[in-house]
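The block underneath contains the structure these notes are about, expressed in C-alpha coordinates.
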There are 2 protein chains.
Amino acid sequence: MSDDGVQYFEDIAVGATASFGRYEVTRDEVTEFAAKYDPQPFHLSDEAAAATHFGRLSASGWHTCAMTMAMLVENLKAHRQAGLGSPGIDQLRWLKPVYPGDTLRCESEVLEKRRSESRPEMGIFKSRLTVFNQDDVAVMTMVSNGLIRTRDAG
Amino acid sequence: MSDDGVQYFEDIAVGATASFGRYEVTRDEVTEFAAKYDPQPFHLSDEAAAATHFGRLSASGWHTCAMTMAMLVENLKAHRQAGLGSPGIDQLRWLKPVYPGDTLRCESEVLEKRRSESRPEMGIFKSRLTVFNQDDVAVMTMVSNGLIRTRDAG
(Lines give C-alpha, C1' and ligand atoms only; values in the text may rest on other atoms or scores of the structure.)
Protein backbone atom coordinates (compact mmCIF):
# COMPACT_ATOMS: atom_id res chain seq x y z
CA MET A 1 0.00 0.00 0.00
CA SER A 2 1.39 3.42 -0.85
CA ASP A 3 1.43 6.40 1.48
CA ASP A 4 -1.75 7.77 -0.05
CA GLY A 5 -3.68 4.55 0.72
CA VAL A 6 -4.06 3.63 -2.94
CA GLN A 7 -3.53 0.01 -3.93
CA TYR A 8 -1.11 -0.64 -6.79
CA PHE A 9 -0.19 -3.82 -8.70
CA GLU A 10 2.42 -4.71 -6.07
CA ASP A 11 -0.27 -4.63 -3.35
CA ILE A 12 -2.61 -7.10 -5.07
CA ALA A 13 -2.37 -10.47 -3.26
CA VAL A 14 -3.40 -13.61 -5.12
CA GLY A 15 -5.95 -15.42 -2.98
CA ALA A 16 -7.10 -12.25 -1.23
CA THR A 17 -10.86 -12.17 -0.67
CA ALA A 18 -13.28 -9.35 -0.02
CA SER A 19 -16.93 -9.07 0.89
CA PHE A 20 -18.77 -5.86 0.09
CA GLY A 21 -21.86 -4.14 -1.22
CA ARG A 22 -25.56 -4.02 -0.52
CA TYR A 23 -28.11 -3.37 -3.24
CA GLU A 24 -31.85 -3.50 -2.71
CA VAL A 25 -33.59 -4.54 -5.92
CA THR A 26 -36.84 -2.67 -6.46
CA ARG A 27 -39.70 -3.48 -8.81
CA ASP A 28 -39.67 0.01 -10.31
CA GLU A 29 -35.99 -0.22 -11.13
CA VAL A 30 -36.34 -3.72 -12.61
CA THR A 31 -39.13 -2.68 -14.98
CA GLU A 32 -37.50 0.66 -15.81
CA PHE A 33 -34.23 -1.00 -16.85
CA ALA A 34 -36.07 -3.73 -18.77
CA ALA A 35 -38.34 -1.30 -20.61
CA LYS A 36 -35.28 0.51 -21.91
CA TYR A 37 -32.75 -2.27 -22.49
CA ASP A 38 -34.31 -5.73 -22.21
CA PRO A 39 -38.05 -5.52 -22.92
CA GLN A 40 -38.76 -9.23 -22.82
CA PRO A 41 -42.18 -9.93 -21.23
CA PHE A 42 -40.78 -11.84 -18.18
CA HIS A 43 -38.74 -8.75 -17.22
CA LEU A 44 -41.77 -6.45 -17.52
CA SER A 45 -44.67 -8.07 -15.67
CA ASP A 46 -45.51 -10.83 -13.20
CA GLU A 47 -48.29 -12.05 -15.47
CA ALA A 48 -45.97 -12.70 -18.41
CA ALA A 49 -43.29 -14.14 -16.13
CA ALA A 50 -45.74 -16.61 -14.57
CA ALA A 51 -45.81 -18.46 -17.89
CA THR A 52 -42.02 -18.97 -17.85
CA HIS A 53 -39.52 -20.81 -15.66
CA PHE A 54 -38.85 -17.52 -13.85
CA GLY A 55 -42.29 -17.79 -12.22
CA ARG A 56 -42.49 -14.08 -11.49
CA LEU A 57 -40.97 -10.79 -12.55
CA SER A 58 -37.16 -11.01 -12.57
CA ALA A 59 -34.37 -8.58 -13.38
CA SER A 60 -32.57 -8.56 -16.71
CA GLY A 61 -29.22 -10.29 -16.38
CA TRP A 62 -27.61 -7.12 -17.70
CA HIS A 63 -29.37 -5.18 -14.98
CA THR A 64 -27.78 -7.49 -12.42
CA CYS A 65 -24.40 -6.70 -14.02
CA ALA A 66 -25.16 -2.97 -13.75
CA MET A 67 -26.20 -3.24 -10.09
CA THR A 68 -23.02 -5.21 -9.41
CA MET A 69 -20.93 -2.48 -11.03
CA ALA A 70 -22.61 0.05 -8.74
CA MET A 71 -21.50 -2.02 -5.74
CA LEU A 72 -17.96 -2.31 -7.13
CA VAL A 73 -17.60 1.42 -7.73
CA GLU A 74 -18.96 2.19 -4.26
CA ASN A 75 -16.44 -0.24 -2.77
CA LEU A 76 -13.57 1.40 -4.67
CA LYS A 77 -14.32 4.70 -2.92
CA ALA A 78 -13.21 3.16 0.37
CA HIS A 79 -10.54 0.86 -1.14
CA ARG A 80 -8.91 2.93 -3.83
CA GLN A 81 -6.88 1.28 -6.58
CA ALA A 82 -4.60 2.70 -9.26
CA GLY A 83 -6.94 1.04 -11.74
CA LEU A 84 -6.66 1.49 -15.48
CA GLY A 85 -10.00 0.00 -16.47
CA SER A 86 -11.01 -3.47 -17.54
CA PRO A 87 -10.45 -5.10 -20.92
CA GLY A 88 -13.35 -7.44 -20.26
CA ILE A 89 -15.04 -10.28 -18.47
CA ASP A 90 -14.91 -14.07 -18.76
CA GLN A 91 -17.33 -16.79 -17.71
CA LEU A 92 -20.22 -14.50 -16.86
CA ARG A 93 -22.98 -16.78 -15.59
CA TRP A 94 -26.52 -15.91 -14.54
CA LEU A 95 -27.07 -18.72 -12.03
CA LYS A 96 -30.44 -17.84 -10.50
CA PRO A 97 -33.14 -15.25 -11.13
CA VAL A 98 -32.91 -11.92 -9.32
CA TYR A 99 -36.31 -10.73 -8.08
CA PRO A 100 -37.66 -7.40 -6.84
CA GLY A 101 -37.27 -7.40 -3.07
CA ASP A 102 -33.92 -9.21 -3.21
CA THR A 103 -30.90 -7.65 -1.55
CA LEU A 104 -27.62 -8.33 -3.34
CA ARG A 105 -24.04 -8.39 -2.06
CA CYS A 106 -20.65 -9.33 -3.52
CA GLU A 107 -17.71 -11.56 -2.71
CA SER A 108 -14.46 -11.41 -4.66
CA GLU A 109 -11.24 -13.41 -4.79
CA VAL A 110 -8.03 -12.57 -6.64
CA LEU A 111 -7.20 -15.54 -8.88
CA GLU A 112 -3.94 -14.47 -10.51
CA LYS A 113 -1.84 -11.48 -11.47
CA ARG A 114 1.01 -10.70 -13.83
CA ARG A 115 3.01 -7.69 -14.90
CA SER A 116 2.54 -6.59 -18.50
CA GLU A 117 5.54 -7.58 -20.59
CA SER A 118 5.05 -4.82 -23.14
CA ARG A 119 4.09 -2.14 -20.61
CA PRO A 120 6.02 -2.47 -17.31
CA GLU A 121 4.08 0.43 -15.80
CA MET A 122 1.00 -1.78 -15.81
CA GLY A 123 -0.17 -5.12 -14.46
CA ILE A 124 -3.17 -7.36 -15.05
CA PHE A 125 -5.12 -9.30 -12.44
CA LYS A 126 -8.05 -11.69 -12.59
CA SER A 127 -10.72 -11.84 -9.89
CA ARG A 128 -13.69 -14.09 -9.43
CA LEU A 129 -16.70 -12.04 -8.44
CA THR A 130 -19.81 -13.74 -7.06
CA VAL A 131 -23.10 -11.99 -6.32
CA PHE A 132 -25.35 -13.43 -3.62
CA ASN A 133 -28.92 -12.68 -2.62
CA GLN A 134 -30.26 -12.30 0.93
CA ASP A 135 -30.55 -16.10 1.25
CA ASP A 136 -26.83 -16.49 0.46
CA VAL A 137 -27.71 -18.06 -2.89
CA ALA A 138 -25.21 -17.21 -5.64
CA VAL A 139 -27.18 -15.50 -8.42
CA MET A 140 -24.32 -14.44 -10.70
CA THR A 141 -20.62 -15.09 -11.10
CA MET A 142 -17.91 -13.76 -13.42
CA VAL A 143 -14.16 -13.54 -13.82
CA SER A 144 -13.14 -9.93 -14.26
CA ASN A 145 -9.88 -8.75 -15.76
CA GLY A 146 -8.44 -5.60 -14.26
CA LEU A 147 -5.58 -3.38 -15.37
CA ILE A 148 -3.68 -1.60 -12.63
CA ARG A 149 -0.68 0.70 -12.44
CA THR A 150 2.59 -0.57 -10.97
CA ARG A 151 4.27 1.52 -8.30
CA ASP A 152 7.65 0.44 -9.55
CA ALA A 153 7.86 0.23 -13.35
CA GLY A 154 11.41 -1.14 -13.18
CA MET B 1 -38.30 -22.93 -39.75
CA SER B 2 -41.68 -23.95 -38.37
CA ASP B 3 -45.03 -22.95 -39.84
CA ASP B 4 -45.36 -20.11 -37.35
CA GLY B 5 -42.05 -18.55 -38.47
CA VAL B 6 -40.37 -19.26 -35.15
CA GLN B 7 -36.81 -20.57 -35.23
CA TYR B 8 -36.11 -23.73 -33.20
CA PHE B 9 -32.88 -25.57 -32.38
CA GLU B 10 -33.12 -27.54 -35.64
CA ASP B 11 -33.21 -24.29 -37.63
CA ILE B 12 -29.99 -22.87 -36.14
CA ALA B 13 -27.22 -23.17 -38.74
CA VAL B 14 -23.61 -23.15 -37.59
CA GLY B 15 -21.78 -20.45 -39.52
CA ALA B 16 -24.92 -18.40 -40.13
CA THR B 17 -24.33 -14.67 -39.86
CA ALA B 18 -26.64 -11.76 -39.25
CA SER B 19 -26.30 -7.99 -39.27
CA PHE B 20 -28.82 -5.95 -37.33
CA GLY B 21 -29.50 -3.05 -35.01
CA ARG B 22 -28.99 0.67 -34.89
CA TYR B 23 -28.51 2.51 -31.60
CA GLU B 24 -27.70 6.20 -31.34
CA VAL B 25 -25.67 6.88 -28.22
CA THR B 26 -26.66 10.15 -26.56
CA ARG B 27 -24.77 12.16 -23.94
CA ASP B 28 -27.80 12.30 -21.65
CA GLU B 29 -28.18 8.53 -21.70
CA VAL B 30 -24.47 7.93 -21.12
CA THR B 31 -24.37 10.16 -18.04
CA GLU B 32 -27.74 8.93 -16.74
CA PHE B 33 -26.63 5.28 -16.87
CA ALA B 34 -23.23 6.13 -15.37
CA ALA B 35 -24.67 8.20 -12.53
CA LYS B 36 -26.78 5.24 -11.50
CA TYR B 37 -24.54 2.24 -12.18
CA ASP B 38 -20.97 3.26 -12.98
CA PRO B 39 -20.22 6.68 -11.48
CA GLN B 40 -16.55 6.81 -12.38
CA PRO B 41 -15.48 10.34 -13.36
CA PHE B 42 -14.61 9.48 -17.00
CA HIS B 43 -18.20 8.27 -17.54
CA LEU B 44 -19.68 11.44 -16.05
CA SER B 45 -17.91 14.44 -17.61
CA ASP B 46 -15.61 15.43 -20.47
CA GLU B 47 -13.38 17.33 -18.05
CA ALA B 48 -12.63 14.25 -15.92
CA ALA B 49 -12.31 12.04 -19.00
CA ALA B 50 -9.76 14.40 -20.57
CA ALA B 51 -7.27 13.33 -17.90
CA THR B 52 -7.60 9.64 -18.86
CA HIS B 53 -6.84 7.51 -21.91
CA PHE B 54 -10.51 7.84 -22.94
CA GLY B 55 -9.85 11.49 -23.82
CA ARG B 56 -13.51 12.45 -23.52
CA LEU B 57 -16.76 11.25 -22.00
CA SER B 58 -17.34 7.58 -22.84
CA ALA B 59 -20.09 5.10 -22.04
CA SER B 60 -19.79 2.54 -19.26
CA GLY B 61 -18.92 -0.86 -20.70
CA TRP B 62 -22.02 -2.23 -18.99
CA HIS B 63 -24.07 0.46 -20.71
CA THR B 64 -22.72 -0.77 -24.04
CA CYS B 65 -23.87 -4.28 -23.04
CA ALA B 66 -27.31 -2.91 -22.19
CA MET B 67 -27.61 -1.02 -25.49
CA THR B 68 -26.54 -4.19 -27.31
CA MET B 69 -29.24 -6.17 -25.52
CA ALA B 70 -31.78 -3.59 -26.67
CA MET B 71 -30.68 -4.22 -30.28
CA LEU B 72 -30.86 -8.00 -29.77
CA VAL B 73 -34.38 -7.90 -28.34
CA GLU B 74 -35.55 -5.61 -31.14
CA ASN B 75 -34.07 -8.01 -33.70
CA LEU B 76 -35.85 -10.98 -32.09
CA LYS B 77 -39.21 -9.31 -32.75
CA ALA B 78 -38.65 -9.76 -36.47
CA HIS B 79 -36.72 -13.04 -36.20
CA ARG B 80 -38.48 -14.96 -33.48
CA GLN B 81 -36.77 -17.84 -31.71
CA ALA B 82 -38.04 -20.47 -29.30
CA GLY B 83 -35.45 -19.11 -26.88
CA LEU B 84 -35.15 -20.27 -23.29
CA GLY B 85 -32.83 -17.58 -22.03
CA SER B 86 -29.07 -17.43 -21.68
CA PRO B 87 -26.93 -19.09 -19.02
CA GLY B 88 -24.22 -16.53 -19.63
CA ILE B 89 -21.51 -14.90 -21.69
CA ASP B 90 -17.87 -15.70 -22.41
CA GLN B 91 -14.97 -13.57 -23.57
CA LEU B 92 -16.72 -10.23 -23.20
CA ARG B 93 -14.21 -7.62 -24.40
CA TRP B 94 -14.53 -3.85 -24.44
CA LEU B 95 -12.26 -3.12 -27.39
CA LYS B 96 -12.68 0.61 -27.91
CA PRO B 97 -14.46 3.44 -26.10
CA VAL B 98 -18.07 4.21 -27.03
CA TYR B 99 -18.73 7.95 -27.19
CA PRO B 100 -21.88 10.09 -27.22
CA GLY B 101 -22.75 10.66 -30.87
CA ASP B 102 -21.71 7.15 -31.88
CA THR B 103 -24.19 4.93 -33.70
CA LEU B 104 -23.86 1.25 -32.86
CA ARG B 105 -24.81 -1.86 -34.84
CA CYS B 106 -24.35 -5.62 -34.40
CA GLU B 107 -23.01 -8.56 -36.35
CA SER B 108 -23.43 -12.13 -35.16
CA GLU B 109 -22.18 -15.54 -36.20
CA VAL B 110 -23.29 -18.95 -34.91
CA LEU B 111 -20.15 -20.78 -33.72
CA GLU B 112 -21.53 -24.14 -32.59
CA LYS B 113 -24.64 -25.90 -31.37
CA ARG B 114 -25.51 -29.10 -29.54
CA ARG B 115 -28.58 -30.79 -28.19
CA SER B 116 -28.78 -31.07 -24.41
CA GLU B 117 -28.02 -34.65 -23.31
CA SER B 118 -30.03 -34.37 -20.12
CA ARG B 119 -32.93 -32.42 -21.62
CA PRO B 120 -33.68 -33.46 -25.21
CA GLU B 121 -36.37 -30.78 -25.51
CA MET B 122 -33.62 -28.19 -25.41
CA GLY B 123 -30.45 -27.24 -27.28
CA ILE B 124 -27.56 -24.87 -26.66
CA PHE B 125 -25.82 -22.67 -29.22
CA LYS B 126 -22.88 -20.28 -29.05
CA SER B 127 -22.74 -17.09 -31.09
CA ARG B 128 -20.05 -14.49 -31.47
CA LEU B 129 -21.57 -11.04 -31.28
CA THR B 130 -19.57 -8.00 -32.35
CA VAL B 131 -20.71 -4.41 -31.92
CA PHE B 132 -19.42 -1.80 -34.37
CA ASN B 133 -19.58 1.98 -34.37
CA GLN B 134 -20.39 4.23 -37.37
CA ASP B 135 -16.77 3.98 -38.56
CA ASP B 136 -17.03 0.17 -38.68
CA VAL B 137 -14.65 -0.10 -35.74
CA ALA B 138 -15.42 -3.05 -33.45
CA VAL B 139 -16.05 -1.60 -29.98
CA MET B 140 -17.18 -4.75 -28.15
CA THR B 141 -17.27 -8.47 -28.72
CA MET B 142 -18.63 -11.42 -26.76
CA VAL B 143 -19.55 -15.08 -27.11
CA SER B 144 -23.12 -15.60 -25.97
CA ASN B 145 -24.64 -18.91 -24.94
CA GLY B 146 -28.27 -19.37 -25.87
CA LEU B 147 -30.77 -22.04 -24.85
CA ILE B 148 -33.45 -22.89 -27.40
CA ARG B 149 -36.33 -25.34 -27.62
CA THR B 150 -36.11 -28.28 -30.01
CA ARG B 151 -39.02 -28.90 -32.37
CA ASP B 152 -38.44 -32.60 -32.16
CA ALA B 153 -37.48 -33.79 -28.68
CA GLY B 154 -36.92 -37.36 -29.93
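Here's how to read the names in the C-alpha coordinates: chain A, B, ... by the order shown, residue numbers from 1 in each chain, ligand numbers from 1 in the order shown.
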
Could you produce a table of the residues of chain A lying within 8 Å of chain B, with the nearest pair of atoms per residue and their separation in Å rounded to one decimal, using only C-alpha atoms, ordered by chain and increasing residue number, as a Markdown table?
| residue | atom | partner | partner_atom | distance |
| --- | --- | --- | --- | --- |
| A:Lys36 | CA | B:Ala70 | CA | 7.2 |
| A:Tyr37 | CA | B:Ala70 | CA | 4.5 |
| A:Asp38 | CA | B:Ala70 | CA | 5.6 |
| A:Pro39 | CA | B:Val73 | CA | 7.0 |
| A:Gln40 | CA | B:Val73 | CA | 7.2 |
| A:Trp62 | CA | B:Ala66 | CA | 6.2 |
| A:His63 | CA | B:Ala66 | CA | 7.8 |
| A:Cys65 | CA | B:Trp62 | CA | 7.1 |
| A:Ala66 | CA | B:Tyr37 | CA | 5.5 |
| A:Met67 | CA | B:Tyr37 | CA | 6.1 |
| A:Met69 | CA | B:Tyr37 | CA | 6.1 |
| A:Ala70 | CA | B:Tyr37 | CA | 4.5 |
| A:Val73 | CA | B:Asp38 | CA | 6.5 |
| A:Ser86 | CA | B:Trp94 | CA | 7.8 |
| A:Pro87 | CA | B:Trp94 | CA | 5.5 |
| A:Gly88 | CA | B:Arg93 | CA | 4.2 |
| A:Ile89 | CA | B:Leu92 | CA | 5.0 |
| A:Asp90 | CA | B:Gln91 | CA | 4.8 |
| A:Gln91 | CA | B:Asp90 | CA | 4.9 |
| A:Leu92 | CA | B:Ile89 | CA | 5.0 |
| A:Arg93 | CA | B:Gly88 | CA | 4.2 |
| A:Trp94 | CA | B:Pro87 | CA | 5.5 |
| A:Leu95 | CA | B:Pro87 | CA | 7.0 |

Give the alpha helix (DSSP H) residues of chain A, as assigned by DSSP on the backbone, as a PyMOL selection string. chain A and resi 27-37+46-50+61-78

Please indicate the distance in Å from atom CA of Arg114 of chain B to atom CA of Ala13 of chain B, rounded to one decimal place.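 These atoms are spaced 11.1 Å apart.
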
Applying 7 Å and only C-alpha atoms, which residues near segment 123-130 of chain B remain after dropping the ones on its own chain fewer than 3 positions away? List them as a PyMOL selection string. chain B and resi 9+106-116+138+140-150

Distance in Å - atom CA of Asp11 of chain A versus atom CA of Ala48 of chain B: 25.8 Å

Selected residue of minimal separation from Glu32 of chain A among A:Leu104, A:Ala18, A:Ala50, A:Ala59, counting only C-alpha atoms: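 Looking only at the distances to Glu32 of chain A, the closest residue turns out to be A:Ala59.
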
Filtered DSSP result for chain A, state strand (DSSP E or B), as an MDAnalysis selection string: chainID A and resid 7 17:24 81 83 88:94 103:115 122:132 138:149

Which is closest to Arg80 of chain B among B:Ala49, B:Gln7, B:Ala153, B:Val98, if we use only C-alpha atoms?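 Of the candidates, the smallest distance to Arg80 of chain B is held by B:Gln7.
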